[in-house]
Amino acid sequence: MVAGETSGDLLASRLLSGLRPQLPDAHMHGIGGPHMAQYGFVSDFPMEKLSVRGLFEVLAHYRELKGIQNGLRDQLLQERPAVFVGVDAPDFNLGLEAQLKDAGIPTVHFIGPSIWAWRGGRIKKIQRSVSHMLVIFPFEEEIYRAAGVPATYVGHPLAQIIPMAPDRDAACRELGLDPTRHVVAILPGSRMSELKYNAVAFVAAAKLLLQRDPHLQIVAPMAGETRHRYFHELIAQAGLQDVPMLITDGQSHRALAAADAVMVASGTASLEVALFKKPMVIAYKMMRASWHVLRHMAYQPWIGLPNILAREFLVPELLQDAATPQALADALWGQLEDQAHRERLHQRFVDMHHTLLRDTAGESAQAVMNVIAAGKSKSK
């Protein structure tokens, strides 16, 4: 298995939770993180090496990434595992899967690339690379099947993990926050590159919000010690080290449960916020050259998963130059203050949660077991 970032590690762990009881003695290895390790998964390379986003950012790390990909490929071709599971990270995993599939090793891809949002031409590469696709949004199953790729809708793993009615007061107490005062969570991203481009704008926006309401409580969960340290460095360089906030190692779900509104980088985290039923502002900044290329490749007007699933702008999106501290602060203040909007949003997110809720661990594990069984039949 290969997962390339924090969200992939969490999603892959749900699959492993269903798979490990059926394969108690199997050697499960590749690239992953601490959530996967809880199920006896062994990471052959540091997962952080794959956590690069953006066209030009990837190019800067191309040689290292290609070396990891080739090293893992050679190892797997010699070992011939019963199945390879690529978890998201399509730019890394699809190329690896194609080579393994050509060699007769069954391949499963968990979480289909967003071909319905951009780069639809990748469906041809998926056809060559993937034996079976596990999809997490209900509309994706038909897209892949129509293209001749076997696919199973397994629901979104986070819909099982996140409670339908989170306990805000309990989360506040666990974080040492006052439940009688508003809480704003800021999630500038789990990748180092995301922190580089988003952290300062997010914290500067938090500073502006505190000027409007000094009683606000700001919480910023960081995905591990390395990101925690880098976040401190970035805000210190920007002269924002005195902005009062609670910075936690991990505990992002606790922070979201406690929050009254959230400032979040686009990606899986925005869906997590929706599943916690919280008002939000979605923002994203990246290297300027990457932005100029990617903005012309989109098929639809939304980038945030909650808005894509709703097919409308349920929550504000502020991208690149539009994501100024003032614009972020103004948009988030609107999310905090409009009670009627908050109530409508809550119901839409409840409905979204029900749509995405399946026995993801069980159904995804069964699909992988079926692929393993089919592979054994072919080899006889």
# chains A, B, ... in the order shown; residues from 1 in each chain; ligands from 1
$ select_by_dssp --residues "range 137-356 of chain A" --states "strand (DSSP E or B)" --output "VMD selection string"
chain A and resid 151 to 153 183 to 187 217 to 222 246 to 249 261 to 265 280 to 284 298 317 to 319
$ write_last_selection --atoms "C-alpha atoms" --output "mmCIF file, in the first residue's frame"
data_model
loop_
_atom_site.group_PDB
_atom_site.id
_atom_site.type_symbol
_atom_site.label_atom_id
_atom_site.label_comp_id
_atom_site.auth_asym_id
_atom_site.auth_seq_id
_atom_site.Cartn_x
_atom_site.Cartn_y
_atom_site.Cartn_z
ATOM 1 C CA ALA A 151 -15.539 0.218 -9.362
ATOM 2 C CA THR A 152 -17.198 -0.042 -5.964
ATOM 3 C CA TYR A 153 -18.734 2.866 -4.036
ATOM 4 C CA VAL A 183 -13.939 29.297 18.847
ATOM 5 C CA VAL A 184 -12.375 29.681 15.395
ATOM 6 C CA ALA A 185 -10.245 26.831 14.044
ATOM 7 C CA ILE A 186 -7.646 27.515 11.360
ATOM 8 C CA LEU A 187 -6.389 24.625 9.205
ATOM 9 C CA GLN A 217 -10.468 31.710 20.876
ATOM 10 C CA ILE A 218 -8.241 30.588 18.006
ATOM 11 C CA VAL A 219 -7.085 26.982 17.702
ATOM 12 C CA ALA A 220 -4.641 25.722 15.056
ATOM 13 C CA PRO A 221 -4.096 21.933 14.920
ATOM 14 C CA MET A 222 -0.852 20.861 13.267
ATOM 15 C CA LEU A 246 -3.776 27.352 20.839
ATOM 16 C CA ILE A 247 -1.502 25.335 18.547
ATOM 17 C CA THR A 248 -1.985 21.599 19.003
ATOM 18 C CA ASP A 249 -0.079 18.563 17.781
ATOM 19 C CA ALA A 261 -16.432 28.470 12.397
ATOM 20 C CA VAL A 262 -13.396 27.258 10.470
ATOM 21 C CA MET A 263 -10.845 28.682 8.039
ATOM 22 C CA VAL A 264 -9.610 25.714 6.009
ATOM 23 C CA ALA A 265 -7.367 24.957 3.048
ATOM 24 C CA MET A 280 -16.349 27.579 6.999
ATOM 25 C CA VAL A 281 -14.347 29.631 4.571
ATOM 26 C CA ILE A 282 -12.297 27.593 2.086
ATOM 27 C CA ALA A 283 -9.067 29.167 0.883
ATOM 28 C CA TYR A 284 -6.048 28.106 -1.112
ATOM 29 C CA ALA A 298 -10.826 23.067 -13.987
ATOM 30 C CA GLU A 317 -14.043 30.060 -1.549
ATOM 31 C CA LEU A 318 -11.113 32.499 -1.674
ATOM 32 C CA LEU A 319 -8.277 31.466 -3.955
#
$ residues_around --residues "Tyr39 in chain A" --least-positions-apart "3" --cutoff "9 Å" --atoms "only C-alpha atoms" --output "number ranges by chain"
A: 13, 16-17, 20, 28, 35-36
$ write_last_selection --atoms "N, CA and C atoms" --output "compact mmCIF listing (two decimals), in the first residue's frame"
# COMPACT_ATOMS: atom_id res chain seq x y z
N SER A 13 -6.14 3.75 6.84
CA SER A 13 -6.28 3.02 8.11
C SER A 13 -7.68 2.42 8.26
N LEU A 16 -7.59 -0.74 6.33
CA LEU A 16 -6.81 -1.73 7.09
C LEU A 16 -7.60 -2.28 8.28
N SER A 17 -8.44 -1.44 8.86
CA SER A 17 -9.23 -1.91 10.01
C SER A 17 -10.18 -3.02 9.60
N ARG A 20 -7.31 -6.18 8.08
CA ARG A 20 -6.40 -6.91 8.98
C ARG A 20 -7.06 -8.12 9.65
N MET A 28 2.00 -6.38 5.51
CA MET A 28 1.45 -5.20 4.84
C MET A 28 2.48 -4.08 4.95
N HIS A 35 -1.36 6.22 11.46
CA HIS A 35 -2.66 5.57 11.57
C HIS A 35 -2.62 4.17 10.95
N MET A 36 -1.91 4.02 9.85
CA MET A 36 -1.78 2.70 9.22
C MET A 36 -0.93 1.78 10.09
$ closest_residue --among "A:Tyr144, A:Phe110, A:Tyr197, A:Phe45" --to "His156 in chain A" --atoms "only C-alpha atoms"
A:Phe110
$ residues_around --residues "Gln69 in chain A" --least-positions-apart "6" --cutoff "9 Å" --atoms "only C-alpha atoms" --output "PDB file with C-alpha atoms, in the first residue's frame"
ATOM      1  CA  PHE A  92       2.772   8.755  -7.786  1.00  0.00           C
ATOM      2  CA  ASN A  93       0.503   5.725  -7.545  1.00  0.00           C
ATOM      3  CA  GLY A  95       2.472   5.168 -12.669  1.00  0.00           C
ATOM      4  CA  LEU A  96       3.511   2.533 -10.158  1.00  0.00           C
TER       5      LEU A  96
END
$ select_by_dssp --residues "range 73-316 of chain A" --states "alpha helix (DSSP H)" --output "ChimeraX atom specification"
/A:73-79,90-102,122-129,140-146,157-161,168-175,192-212,225-237,252-258,268-275,288-294,305-310
$ residues_around --residues "range 328-343 of chain A" --least-positions-apart "2" --cutoff "12 Å" --atoms "only C-alpha atoms" --output "PyMOL selection string"
chain A and resi 181-186+198+200-213+216+259-265+274+277-284+314-326+345-350
$ closest_residue --among "A:Pro157, A:Pro34, A:Gly4, A:Gly189" --to "Gly18 in chain A" --atoms "only C-alpha atoms"
A:Pro157
$ atom_distance --atom1 "CA of Ala310 in chain A" --atom2 "CA of Glu5 in chain A"
25.7 Å
$ closest_residue --among "A:Gln99, A:Ser129, A:Thr107, A:Asn370" --to "Pro81 in chain A" --atoms "only C-alpha atoms"
A:Thr107
$ residues_around --residues "Pro301 in chain A" --least-positions-apart "6" --cutoff "10 Å" --atoms "only C-alpha atoms" --output "PDB file with N, CA and C atoms, in the first residue's frame"
ATOM      1  N   ALA A 117     -13.522  16.799 -11.950  1.00  0.00           N
ATOM      2  CA  ALA A 117     -13.228  18.200 -11.642  1.00  0.00           C
ATOM      3  C   ALA A 117     -12.187  18.785 -12.595  1.00  0.00           C
ATOM      4  N   ASN A 307     -18.750  22.200  -1.537  1.00  0.00           N
ATOM      5  CA  ASN A 307     -19.432  22.900  -2.628  1.00  0.00           C
ATOM      6  C   ASN A 307     -19.595  22.000  -3.855  1.00  0.00           C
ATOM      7  N   ILE A 308     -18.594  21.172  -4.140  1.00  0.00           N
ATOM      8  CA  ILE A 308     -18.689  20.242  -5.272  1.00  0.00           C
ATOM      9  C   ILE A 308     -19.830  19.247  -5.058  1.00  0.00           C
ATOM     10  N   ARG A 311     -23.048  21.048  -5.401  1.00  0.00           N
ATOM     11  CA  ARG A 311     -23.216  21.659  -6.729  1.00  0.00           C
ATOM     12  C   ARG A 311     -23.608  23.126  -6.630  1.00  0.00           C
ATOM     13  N   GLU A 312     -23.144  23.788  -5.594  1.00  0.00           N
ATOM     14  CA  GLU A 312     -23.384  25.223  -5.424  1.00  0.00           C
ATOM     15  C   GLU A 312     -22.394  25.759  -4.389  1.00  0.00           C
ATOM     16  N   PHE A 313     -22.286  27.089  -4.309  1.00  0.00           N
ATOM     17  CA  PHE A 313     -21.393  27.701  -3.333  1.00  0.00           C
ATOM     18  C   PHE A 313     -22.099  27.772  -1.980  1.00  0.00           C
TER      19      PHE A 313
END
$ closest_residue --among "A:Leu240, A:Ile68, A:Ala361, A:Leu94" --to "Ala199 in chain A" --atoms "only C-alpha atoms"
A:Leu240
